[in-house]
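Here is upload-v6.pdb, consisting of PDB, C-alpha atoms (C1' of nucleotides):
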ATOM      1  CA  MET N   1     -13.513 -20.158  16.493
ATOM      2  CA  LYS N   2     -13.211 -22.071  13.242
ATOM      3  CA  VAL N   3     -14.204 -20.579   9.890
ATOM      4  CA  HIS N   4     -14.327 -22.018   6.394
ATOM      5  CA  ILE N   5     -12.894 -20.128   3.459
ATOM      6  CA  THR N   6     -13.353 -21.922   0.190
ATOM      7  CA  ASP N   7     -12.179 -19.216  -2.215
ATOM      8  CA  ASP N   8      -8.513 -18.339  -2.947
ATOM      9  CA  PHE N   9      -6.903 -17.375   0.352
ATOM     10  CA  ASP N  10      -3.208 -17.378   1.257
ATOM     11  CA  LEU N  11      -2.037 -15.546   4.376
ATOM     12  CA  LYS N  12       1.624 -15.450   3.402
ATOM     13  CA  LYS N  13       0.894 -14.013  -0.022
ATOM     14  CA  ILE N  14      -1.466 -11.440   1.444
ATOM     15  CA  GLN N  15       1.306 -10.350   3.799
ATOM     16  CA  ASP N  16       3.807 -10.074   0.931
ATOM     17  CA  SER N  17       1.456  -8.425  -1.543
ATOM     18  CA  GLY N  18       2.597  -4.922  -0.642
ATOM     19  CA  GLN N  19      -0.749  -3.404   0.312
ATOM     20  CA  CYS N  20      -0.362  -3.807   4.088
ATOM     21  CA  PHE N  21       2.714  -3.003   6.134
ATOM     22  CA  ARG N  22       1.894  -4.149   9.666
ATOM     23  CA  VAL N  23       0.885  -7.768   9.076
ATOM     24  CA  ARG N  24       3.173 -10.188  10.925
ATOM     25  CA  GLU N  25       3.566 -13.914  11.259
ATOM     26  CA  THR N  26       3.818 -14.347  15.021
ATOM     27  CA  GLY N  27       5.084 -17.921  14.731
ATOM     28  CA  ASN N  28       3.552 -21.359  14.328
ATOM     29  CA  GLY N  29       1.711 -20.327  11.207
ATOM     30  CA  ILE N  30      -0.315 -17.702  13.035
ATOM     31  CA  TRP N  31      -0.738 -14.361  11.312
ATOM     32  CA  ARG N  32      -1.664 -11.102  13.006
ATOM     33  CA  PHE N  33      -3.778  -8.448  11.312
ATOM     34  CA  ILE N  34      -4.769  -5.066  12.745
ATOM     35  CA  HIS N  35      -7.771  -3.069  11.592
ATOM     36  CA  LEU N  36      -8.529   0.128  13.527
ATOM     37  CA  ASP N  37      -8.559  -1.081  17.133
ATOM     38  CA  ARG N  38      -9.222  -4.732  16.327
ATOM     39  CA  ILE N  39      -6.556  -7.394  16.287
ATOM     40  CA  LEU N  40      -7.024 -10.714  14.539
ATOM     41  CA  TYR N  41      -4.930 -13.847  14.904
ATOM     42  CA  ILE N  42      -5.581 -16.378  12.185
ATOM     43  CA  SER N  43      -4.023 -19.686  11.172
ATOM     44  CA  ARG N  44      -4.813 -22.390   8.648
ATOM     45  CA  THR N  45      -5.932 -25.658  10.202
ATOM     46  CA  GLY N  46      -7.244 -27.591   7.224
ATOM     47  CA  GLU N  47      -7.936 -27.597   3.509
ATOM     48  CA  SER N  48     -10.330 -24.655   3.753
ATOM     49  CA  GLU N  49     -10.501 -24.348   7.513
ATOM     50  CA  TYR N  50      -9.018 -21.574   9.648
ATOM     51  CA  GLU N  51      -8.790 -20.876  13.355
ATOM     52  CA  VAL N  52      -9.509 -17.222  14.147
ATOM     53  CA  SER N  53      -9.369 -15.232  17.370
ATOM     54  CA  ALA N  54     -12.569 -13.363  16.537
ATOM     55  CA  GLY N  55     -16.102 -14.337  17.491
ATOM     56  CA  GLU N  56     -18.865 -14.903  14.999
ATOM     57  CA  ASP N  57     -20.210 -11.337  14.943
ATOM     58  CA  GLU N  58     -16.795  -9.706  14.657
ATOM     59  CA  TRP N  59     -15.781 -12.110  11.928
ATOM     60  CA  ARG N  60     -18.886 -11.377   9.896
ATOM     61  CA  GLU N  61     -18.934  -7.615  10.411
ATOM     62  CA  ILE N  62     -15.245  -6.741  10.419
ATOM     63  CA  TRP N  63     -13.022  -9.410   8.963
ATOM     64  CA  GLN N  64     -15.171 -10.877   6.227
ATOM     65  CA  PRO N  65     -15.372  -7.483   4.481
ATOM     66  CA  TYR N  66     -11.733  -6.779   5.382
ATOM     67  CA  PHE N  67     -10.616  -9.853   3.424
ATOM     68  CA  ASP N  68     -13.165  -9.178   0.665
ATOM     69  CA  LEU N  69     -14.559 -12.671   1.150
ATOM     70  CA  ASP N  70     -17.869 -12.064  -0.597
ATOM     71  CA  ARG N  71     -16.125 -11.898  -3.959
ATOM     72  CA  SER N  72     -14.938 -14.927  -5.890
ATOM     73  CA  TYR N  73     -11.321 -14.419  -6.884
ATOM     74  CA  GLU N  74     -11.289 -17.846  -8.415
ATOM     75  CA  SER N  75     -13.832 -16.842 -11.023
ATOM     76  CA  ILE N  76     -11.867 -13.689 -11.805
ATOM     77  CA  ARG N  77      -8.784 -15.811 -12.440
ATOM     78  CA  GLN N  78     -10.714 -18.190 -14.613
ATOM     79  CA  ALA N  79     -12.151 -15.397 -16.699
ATOM     80  CA  ILE N  80      -8.685 -14.428 -17.936
ATOM     81  CA  PRO N  81      -8.370 -15.707 -21.512
ATOM     82  CA  GLU N  82      -5.478 -18.021 -22.426
ATOM     83  CA  GLU N  83      -4.297 -15.445 -24.963
ATOM     84  CA  ASP N  84      -3.358 -13.153 -22.107
ATOM     85  CA  ALA N  85      -0.507 -15.425 -21.126
ATOM     86  CA  PHE N  86       1.212 -13.027 -18.758
ATOM     87  CA  LEU N  87      -1.821 -12.243 -16.608
ATOM     88  CA  LYS N  88      -2.849 -15.886 -16.692
ATOM     89  CA  ARG N  89       0.544 -16.806 -15.300
ATOM     90  CA  ALA N  90       0.600 -13.951 -12.796
ATOM     91  CA  SER N  91      -2.860 -14.800 -11.465
ATOM     92  CA  GLU N  92      -1.912 -18.413 -10.885
ATOM     93  CA  TYR N  93       1.323 -17.378  -9.208
ATOM     94  CA  GLY N  94      -0.495 -14.866  -7.001
ATOM     95  CA  LYS N  95      -3.473 -17.091  -6.283
ATOM     96  CA  GLY N  96      -4.562 -16.450  -2.703
ATOM     97  CA  ILE N  97      -3.972 -12.696  -2.576
ATOM     98  CA  ARG N  98      -7.007 -10.643  -1.520
ATOM     99  CA  ILE N  99      -7.566  -6.916  -1.904
ATOM    100  CA  LEU N 100      -7.879  -5.860   1.728
ATOM    101  CA  LYS N 101     -10.424  -3.242   2.720
ATOM    102  CA  GLN N 102      -8.338  -1.177   5.092
ATOM    103  CA  ASP N 103      -8.874   2.033   7.037
ATOM    104  CA  PRO N 104      -8.880   5.092   4.712
ATOM    105  CA  TRP N 105      -6.925   7.316   7.092
ATOM    106  CA  GLU N 106      -4.219   4.701   7.573
ATOM    107  CA  MET N 107      -3.996   4.139   3.819
ATOM    108  CA  LEU N 108      -3.826   7.865   3.117
ATOM    109  CA  VAL N 109      -0.899   8.410   5.461
ATOM    110  CA  THR N 110       0.834   5.137   4.653
ATOM    111  CA  PHE N 111       0.806   5.657   0.887
ATOM    112  CA  ILE N 112       1.948   9.263   1.178
ATOM    113  CA  ILE N 113       4.906   7.834   3.092
ATOM    114  CA  SER N 114       5.443   5.071   0.523
ATOM    115  CA  GLN N 115       6.665   7.282  -2.303
ATOM    116  CA  ARG N 116      10.312   6.678  -3.255
ATOM    117  CA  LYS N 117      10.699   4.104  -0.494
ATOM    118  CA  ASN N 118      11.013   0.347  -0.583
ATOM    119  CA  ILE N 119       8.727  -1.854   1.459
ATOM    120  CA  PRO N 120      11.056  -2.425   4.457
ATOM    121  CA  ALA N 121      11.537   1.342   4.721
ATOM    122  CA  ILE N 122       7.784   1.948   4.590
ATOM    123  CA  SER N 123       7.179  -0.597   7.351
ATOM    124  CA  LYS N 124       9.822   1.044   9.500
ATOM    125  CA  SER N 125       8.285   4.517   9.188
ATOM    126  CA  VAL N 126       4.757   3.258   9.832
ATOM    127  CA  GLU N 127       5.908   1.370  12.911
ATOM    128  CA  LEU N 128       7.689   4.443  14.288
ATOM    129  CA  LEU N 129       4.557   6.507  13.685
ATOM    130  CA  CYS N 130       2.451   4.010  15.625
ATOM    131  CA  GLU N 131       4.894   3.871  18.528
ATOM    132  CA  ARG N 132       5.125   7.620  18.749
ATOM    133  CA  PHE N 133       1.522   8.709  18.237
ATOM    134  CA  GLY N 134      -0.631   5.604  18.471
ATOM    135  CA  ARG N 135      -2.485   4.172  21.427
ATOM    136  CA  ARG N 136      -0.984   1.106  23.063
ATOM    137  CA  ALA N 137      -3.075  -2.022  22.694
ATOM    138  CA  ASP N 138      -4.135  -3.971  25.746
ATOM    139  CA  THR N 139      -2.032  -6.971  24.807
ATOM    140  CA  GLU N 140       0.853  -8.858  26.315
ATOM    141  CA  GLU N 141       3.261  -7.973  23.539
ATOM    142  CA  GLU N 142       3.921  -4.266  23.121
ATOM    143  CA  LEU N 143       1.681  -3.267  20.258
ATOM    144  CA  PHE N 144       0.453   0.129  19.074
ATOM    145  CA  PHE N 145      -2.518   0.996  16.917
ATOM    146  CA  PHE N 146      -2.182   3.264  13.926
ATOM    147  CA  PRO N 147      -2.740   6.830  15.224
ATOM    148  CA  ASP N 148      -5.959   8.504  14.094
ATOM    149  CA  SER N 149      -5.958  12.059  12.771
ATOM    150  CA  GLU N 150      -6.676  13.497  16.204
ATOM    151  CA  GLU N 151      -3.763  11.655  17.753
ATOM    152  CA  MET N 152      -1.565  12.974  14.970
ATOM    153  CA  SER N 153      -2.824  16.544  15.204
ATOM    154  CA  GLY N 154      -0.126  17.325  17.771
ATOM    155  CA  ALA N 155       2.657  16.236  15.454
ATOM    156  CA  ASP N 156       5.040  18.772  14.002
ATOM    157  CA  GLU N 157       7.380  18.408  11.072
ATOM    158  CA  GLU N 158      10.374  17.593  13.228
ATOM    159  CA  ALA N 159       8.588  14.747  15.016
ATOM    160  CA  LEU N 160       7.498  13.285  11.707
ATOM    161  CA  ARG N 161      11.007  13.539  10.333
ATOM    162  CA  GLU N 162      12.181  11.574  13.326
ATOM    163  CA  CYS N 163       9.874   8.831  12.062
ATOM    164  CA  LYS N 164      12.012   8.831   8.879
ATOM    165  CA  LEU N 165       9.407  10.567   6.745
ATOM    166  CA  GLY N 166      11.951  12.933   5.185
ATOM    167  CA  TYR N 167      10.459  15.380   2.681
ATOM    168  CA  ARG N 168       7.068  13.671   3.064
ATOM    169  CA  ALA N 169       6.586  15.143   6.548
ATOM    170  CA  PRO N 170       4.817  18.312   5.348
ATOM    171  CA  TYR N 171       2.604  16.175   3.096
ATOM    172  CA  VAL N 172       1.386  14.197   6.082
ATOM    173  CA  LEU N 173       0.830  17.434   8.007
ATOM    174  CA  ASP N 174      -1.353  18.656   5.144
ATOM    175  CA  ALA N 175      -3.356  15.422   5.320
ATOM    176  CA  VAL N 176      -3.813  15.876   9.070
ATOM    177  CA  ASN N 177      -4.956  19.476   8.582
ATOM    178  CA  LYS N 178      -7.398  18.748   5.787
ATOM    179  CA  VAL N 179      -8.982  15.879   7.682
ATOM    180  CA  ARG N 180      -9.094  17.663  11.037
ATOM    181  CA  SER N 181     -10.642  20.774   9.477
ATOM    182  CA  GLY N 182     -13.264  18.733   7.679
ATOM    183  CA  GLU N 183     -12.086  19.908   4.272
ATOM    184  CA  ILE N 184     -11.635  16.211   3.541
ATOM    185  CA  ASP N 185     -14.218  13.852   5.021
ATOM    186  CA  LEU N 186     -12.839  10.368   4.481
ATOM    187  CA  CYS N 187     -16.150   8.783   5.432
ATOM    188  CA  LYS N 188     -18.172  10.959   3.070
ATOM    189  CA  LEU N 189     -15.796  10.200   0.210
ATOM    190  CA  ASN N 190     -17.171   6.681   0.232
ATOM    191  CA  GLU N 191     -20.321   8.005  -1.427
ATOM    192  CA  TYR N 192     -18.403   9.480  -4.355
ATOM    193  CA  ASP N 193     -17.949   7.685  -7.641
ATOM    194  CA  ASP N 194     -14.459   6.546  -8.585
ATOM    195  CA  ARG N 195     -13.532   9.678 -10.481
ATOM    196  CA  LYS N 196     -14.690  12.128  -7.808
ATOM    197  CA  LEU N 197     -13.065  10.122  -5.055
ATOM    198  CA  PHE N 198      -9.788  10.048  -6.977
ATOM    199  CA  GLU N 199      -9.842  13.797  -7.598
ATOM    200  CA  ALA N 200     -10.775  14.644  -4.015
ATOM    201  CA  LEU N 201      -7.856  12.623  -2.673
ATOM    202  CA  LYS N 202      -5.484  14.384  -5.049
ATOM    203  CA  THR N 203      -6.252  17.750  -3.473
ATOM    204  CA  ILE N 204      -4.099  16.623  -0.558
ATOM    205  CA  ASN N 205      -0.486  17.620  -0.890
ATOM    206  CA  GLY N 206       1.745  14.685  -1.741
ATOM    207  CA  VAL N 207      -1.096  12.643  -3.209
ATOM    208  CA  GLY N 208      -0.610  12.111  -6.932
ATOM    209  CA  ASP N 209      -2.122   9.590  -9.352
ATOM    210  CA  LYS N 210      -0.337   6.561  -7.969
ATOM    211  CA  VAL N 211      -1.007   7.226  -4.285
ATOM    212  CA  ALA N 212      -4.637   8.224  -4.945
ATOM    213  CA  ASN N 213      -5.236   4.995  -6.846
ATOM    214  CA  CYS N 214      -3.749   2.963  -4.008
ATOM    215  CA  ILE N 215      -6.086   4.598  -1.497
ATOM    216  CA  CYS N 216      -9.090   4.044  -3.772
ATOM    217  CA  LEU N 217      -8.206   0.385  -4.183
ATOM    218  CA  PHE N 218      -6.963  -0.600  -0.733
ATOM    219  CA  ALA N 219      -9.293   1.502   1.437
ATOM    220  CA  TYR N 220     -12.435   2.029  -0.612
ATOM    221  CA  GLY N 221     -12.483  -1.236  -2.537
ATOM    222  CA  ARG N 222     -12.520   0.506  -5.931
ATOM    223  CA  THR N 223     -11.268  -2.505  -7.833
ATOM    224  CA  ALA N 224     -11.617  -0.828 -11.215
ATOM    225  CA  LEU N 225      -8.708   1.483 -10.422
ATOM    226  CA  VAL N 226      -5.154   0.455 -11.251
ATOM    227  CA  PRO N 227      -2.188   1.969  -9.420
ATOM    228  CA  VAL N 228       0.746   2.182 -11.822
ATOM    229  CA  ASP N 229       4.056   2.068 -10.000
ATOM    230  CA  THR N 230       7.501   1.344 -11.373
ATOM    231  CA  TRP N 231       6.850  -2.406 -11.374
ATOM    232  CA  ILE N 232       3.538  -2.216 -13.193
ATOM    233  CA  ALA N 233       4.953   0.352 -15.603
ATOM    234  CA  ARG N 234       7.720  -2.131 -16.391
ATOM    235  CA  VAL N 235       5.170  -4.910 -16.972
ATOM    236  CA  ILE N 236       3.116  -2.727 -19.313
ATOM    237  CA  GLU N 237       6.262  -1.771 -21.197
ATOM    238  CA  THR N 238       7.896  -5.192 -21.530
ATOM    239  CA  GLU N 239       4.867  -7.510 -21.707
ATOM    240  CA  TYR N 240       2.273  -5.348 -23.451
ATOM    241  CA  ASN N 241       4.247  -2.938 -25.633
ATOM    242  CA  GLY N 242       3.147   0.029 -23.576
ATOM    243  CA  GLN N 243      -0.572  -0.768 -23.834
ATOM    244  CA  SER N 244      -2.104  -1.362 -20.406
ATOM    245  CA  PRO N 245      -4.050  -4.659 -20.369
ATOM    246  CA  PHE N 246      -5.879  -3.879 -17.147
ATOM    247  CA  ASP N 247      -8.640  -1.699 -18.532
ATOM    248  CA  ARG N 248      -9.933  -4.654 -20.543
ATOM    249  CA  TYR N 249     -10.956  -6.328 -17.322
ATOM    250  CA  GLY N 250     -13.281  -3.579 -16.216
ATOM    251  CA  GLY N 251     -14.135  -3.664 -12.552
ATOM    252  CA  ALA N 252     -11.499  -6.267 -11.732
ATOM    253  CA  GLY N 253      -8.505  -4.349 -13.141
ATOM    254  CA  GLY N 254      -7.177  -3.474  -9.714
ATOM    255  CA  ILE N 255      -7.202  -7.092  -8.608
ATOM    256  CA  LEU N 256      -5.310  -8.180 -11.702
ATOM    257  CA  GLN N 257      -2.867  -5.360 -11.110
ATOM    258  CA  GLN N 258      -2.153  -6.788  -7.670
ATOM    259  CA  TRP N 259      -1.414 -10.223  -9.075
ATOM    260  CA  ALA N 260       0.855  -8.670 -11.699
ATOM    261  CA  PHE N 261       2.631  -6.551  -9.093
ATOM    262  CA  TYR N 262       3.249  -9.528  -6.832
ATOM    263  CA  TYR N 263       4.406 -11.708  -9.713
ATOM    264  CA  ALA N 264       6.750  -9.077 -11.104
ATOM    265  CA  ARG N 265       8.260  -8.257  -7.742
ATOM    266  CA  GLU N 266       8.676 -11.828  -6.540
ATOM    267  CA  THR N 267      10.174 -13.170  -9.744
ATOM    268  CA  GLY N 268      12.194 -10.112 -10.759
TER     269      GLY N 268
ATOM    270  C1'  DT U   1      32.870   2.941   1.311
ATOM    271  C1'  DA U   2      30.350   4.198  -2.661
ATOM    272  C1'  DT U   3      26.528   3.952  -5.530
ATOM    273  C1'  DC U   4      21.879   3.193  -6.906
ATOM    274  C1'  DA U   5      17.092   2.759  -6.823
ATOM    275  C1'  DG U   6      13.059   2.729  -4.177
ATOM    276  C1'  DG U   7       5.013   1.079  -4.884
ATOM    277  C1'  DG U   8       6.254   9.589  -6.701
ATOM    278  C1'  DC U   9       5.183  14.216  -6.324
ATOM    279  C1'  DC U  10       5.965  19.145  -6.691
ATOM    280  C1'  DT U  11       7.763  23.140  -8.873
ATOM    281  C1'  DA U  12      10.052  25.591 -12.548
ATOM    282  C1'  DG U  13      10.739  26.561 -17.184
TER     283       DG U  13
ATOM    284  C1'  DC D   1       4.993  18.618 -21.026
ATOM    285  C1'  DT D   2       9.557  17.607 -19.307
ATOM    286  C1'  DA D   3      13.405  17.895 -16.195
ATOM    287  C1'  DG D   4      15.316  18.300 -11.625
ATOM    288  C1'  DG D   5      15.164  18.037  -6.825
ATOM    289  C1'  DC D   6      13.868  15.849  -2.793
ATOM    290  C1'  DC D   7      15.147  12.994   2.444
ATOM    291  C1'  DC D   8      16.384   8.878   3.452
ATOM    292  C1'  DT D   9      16.987   3.789   3.681
ATOM    293  C1'  DG D  10      17.915  -0.793   2.001
ATOM    294  C1'  DA D  11      20.480  -3.499  -1.201
ATOM    295  C1'  DT D  12      24.735  -4.638  -3.592
TER     296       DT D  12
END

So that I can check it, write out the structure of this file as structure tokens.
Amino acid sequence: MKVHITDDFDLKKIQDSGQCFRVRETGNGIWRFIHLDRILYISRTGESEYEVSAGEDEWREIWQPYFDLDRSYESIRQAIPEEDAFLKRASEYGKGIRILKQDPWEMLVTFIISQRKNIPAISKSVELLCERFGRRADTEEELFFFPDSEEMSGADEEALRECKLGYRAPYVLDAVNKVRSGEIDLCKLNEYDDRKLFEALKTINGVGDKVANCICLFAYGRTALVPVDTWIARVIETEYNGQSPFDRYGGAGGILQQWAFYYARETG
DNA sequence: TATCAGGGCCTAG
DNA sequence: CTAGGCCCTGAT
């Protein structure tokens, strides 16, 4: 099926934006995305035209929200004043990135794993986790879904360490326990305001400010929240004299953060 | 081969 | 509030 996307949209930049770790280019300009047990193949076929493997209903109900397509990123870019030269530059450089609305459980586990790792190492661990605990997809290529909390409930620390989780293994076990017991209801958390959501996530072992903000932004679409990692901390220090510029942009701070992160990481 | 840093967080003091 | 320690991997 063909779809039209007129707003900023760049598959390669989305893949490299550091919020998703299982997106692959399968060749010939076709990108593969996985959300829960859905797989999407998508390629650009014209100025604002894309070929997608999904039907109309699935596109509208699953992938349109997934890519946050009801929001105009172009107008967010244009609202940045010229005086804010760095963010102006970063937003143009990162034009095409979207904040993906991904599965909360997957984001919780993935960003617990992410601490003190680089992106290739995160991808490796996530892939091992999928192969070991996830369900195999009914596809020609060997492909595994991200394991849900039930599928991971049989995991012990040793098995997780074999997935290269290191000292994070007990953290992930705590996440499994809290979700399986109902102490944390990832679906219910959606009803909380930003602050409550953030605090609830932090009750899980291994979830600090940075990881909690990532989950809020990349799973719950809380675009006002700004994860501060080493790259963003560096930007705030060197470009803004230690004064974070992101709060000035209210509800869009998290989106600007993503442009800044991408720009800083890609250009050194 | 050795060294360093990596999308941090927890615990002690 | 601040300093170590942590388990490894990827990069140089």

With a distance threshold of 12 Å and counting only C-alpha atoms (C1' of nucleotides), extract the residues of chain D near chain N and express them as a ChimeraX atom specification. /D:5-11

Print the selection's residues with C-alpha atoms (C1' of nucleotides) to a file, as a PDB file, in the coordinates of the input.
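As written to disk, result-v9.pdb reads:
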ATOM      1  C1'  DG D   5      15.164  18.037  -6.825  1.00  0.00           C
ATOM      2  C1'  DC D   6      13.868  15.849  -2.793  1.00  0.00           C
ATOM      3  C1'  DC D   7      15.147  12.994   2.444  1.00  0.00           C
ATOM      4  C1'  DC D   8      16.384   8.878   3.452  1.00  0.00           C
ATOM      5  C1'  DT D   9      16.987   3.789   3.681  1.00  0.00           C
ATOM      6  C1'  DG D  10      17.915  -0.793   2.001  1.00  0.00           C
ATOM      7  C1'  DA D  11      20.480  -3.499  -1.201  1.00  0.00           C
TER       8       DA D  11
END

Residue neighbourhood range 244-258 of chain N, 7 Å, only C-alpha atoms (C1' of nucleotides), exclusion window fewer than 6 positions, as number ranges by chain: N: 99, 217, 223-226, 236

Could those residues be written to a file, using C-alpha atoms, as a tab-separated table (two decimals), keeping the file's coordinate frame?
chain	number	residue	atom	x	y	z
N	99	ILE	CA	-7.57	-6.92	-1.90
N	217	LEU	CA	-8.21	0.38	-4.18
N	223	THR	CA	-11.27	-2.50	-7.83
N	224	ALA	CA	-11.62	-0.83	-11.22
N	225	LEU	CA	-8.71	1.48	-10.42
N	226	VAL	CA	-5.15	0.46	-11.25
N	236	ILE	CA	3.12	-2.73	-19.31

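This file, queried with the PyMOL selection byres ((chain N) within 10 of (chain U)), gives the residues Gly18, Gln19, Phe111, Ile112, Ser114, Gln115, Arg116, Lys117, Asn118, Ile119, Ala121, Ile122, Arg168, Tyr171, Asn205, Gly206, Val207, Gly208, Asp209, Lys210, Val211, Cys214, Pro227, Val228, Asp229, Thr230, Trp231, Ile232 and Phe261 of chain N.
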
Give me, please, the distance in Å between CA of Thr45 in chain N and CA of Tyr66 in chain N, quoted to one decimal.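 Computing it gives 20.3 Å between the two atoms.
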
A straight line from CA of Arg24 in chain N to CA of Leu143 in chain N spans 11.7 Å

Evaluate the PyMOL selection byres ((chain N and resi 62) around 12) on the structure here and hand back the selected residues as a short mmCIF file (atom, residue, chain, number, x, y, z; two decimals) with C-alpha atoms, keeping the file's coordinate frame.
data_model
loop_
_atom_site.label_atom_id
_atom_site.label_comp_id
_atom_site.auth_asym_id
_atom_site.auth_seq_id
_atom_site.Cartn_x
_atom_site.Cartn_y
_atom_site.Cartn_z
CA PHE N 33 -3.78 -8.45 11.31
CA ILE N 34 -4.77 -5.07 12.74
CA HIS N 35 -7.77 -3.07 11.59
CA LEU N 36 -8.53 0.13 13.53
CA ASP N 37 -8.56 -1.08 17.13
CA ARG N 38 -9.22 -4.73 16.33
CA ILE N 39 -6.56 -7.39 16.29
CA LEU N 40 -7.02 -10.71 14.54
CA ALA N 54 -12.57 -13.36 16.54
CA GLY N 55 -16.10 -14.34 17.49
CA GLU N 56 -18.86 -14.90 15.00
CA ASP N 57 -20.21 -11.34 14.94
CA GLU N 58 -16.80 -9.71 14.66
CA TRP N 59 -15.78 -12.11 11.93
CA ARG N 60 -18.89 -11.38 9.90
CA GLU N 61 -18.93 -7.62 10.41
CA TRP N 63 -13.02 -9.41 8.96
CA GLN N 64 -15.17 -10.88 6.23
CA PRO N 65 -15.37 -7.48 4.48
CA TYR N 66 -11.73 -6.78 5.38
CA PHE N 67 -10.62 -9.85 3.42
CA ASP N 68 -13.16 -9.18 0.66
CA LEU N 69 -14.56 -12.67 1.15
CA LEU N 100 -7.88 -5.86 1.73
CA LYS N 101 -10.42 -3.24 2.72
CA GLN N 102 -8.34 -1.18 5.09
CA ASP N 103 -8.87 2.03 7.04
#

Quick one: everything within 12 Å of Asn28 in chain N, counting all atoms listed in the file, minus sequence neighbours fewer than 2 positions away in the same chain. Send it as a PyMOL selection string. chain N and resi 24-26+30-32+41-45

Could you pull the residues within 9 Å of range 4-8 of chain N, counting all atoms listed in the file, minus those fewer than 4 positions along the same chain, as a ChimeraX atom specification? /N:47-51,69,71-74,95-98

CA of Asp194 in chain N and CA of Ala85 in chain N, how far apart in Å? 28.9 Å

All file atoms of range 1-10 of chain D boxed axis-aligned, 4 Å per side, centre plus edges, as JSON:
{"center_x": 11.5, "center_y": 8.9, "center_z": -8.7, "size_x": 20.9, "size_y": 27.4, "size_z": 32.7}
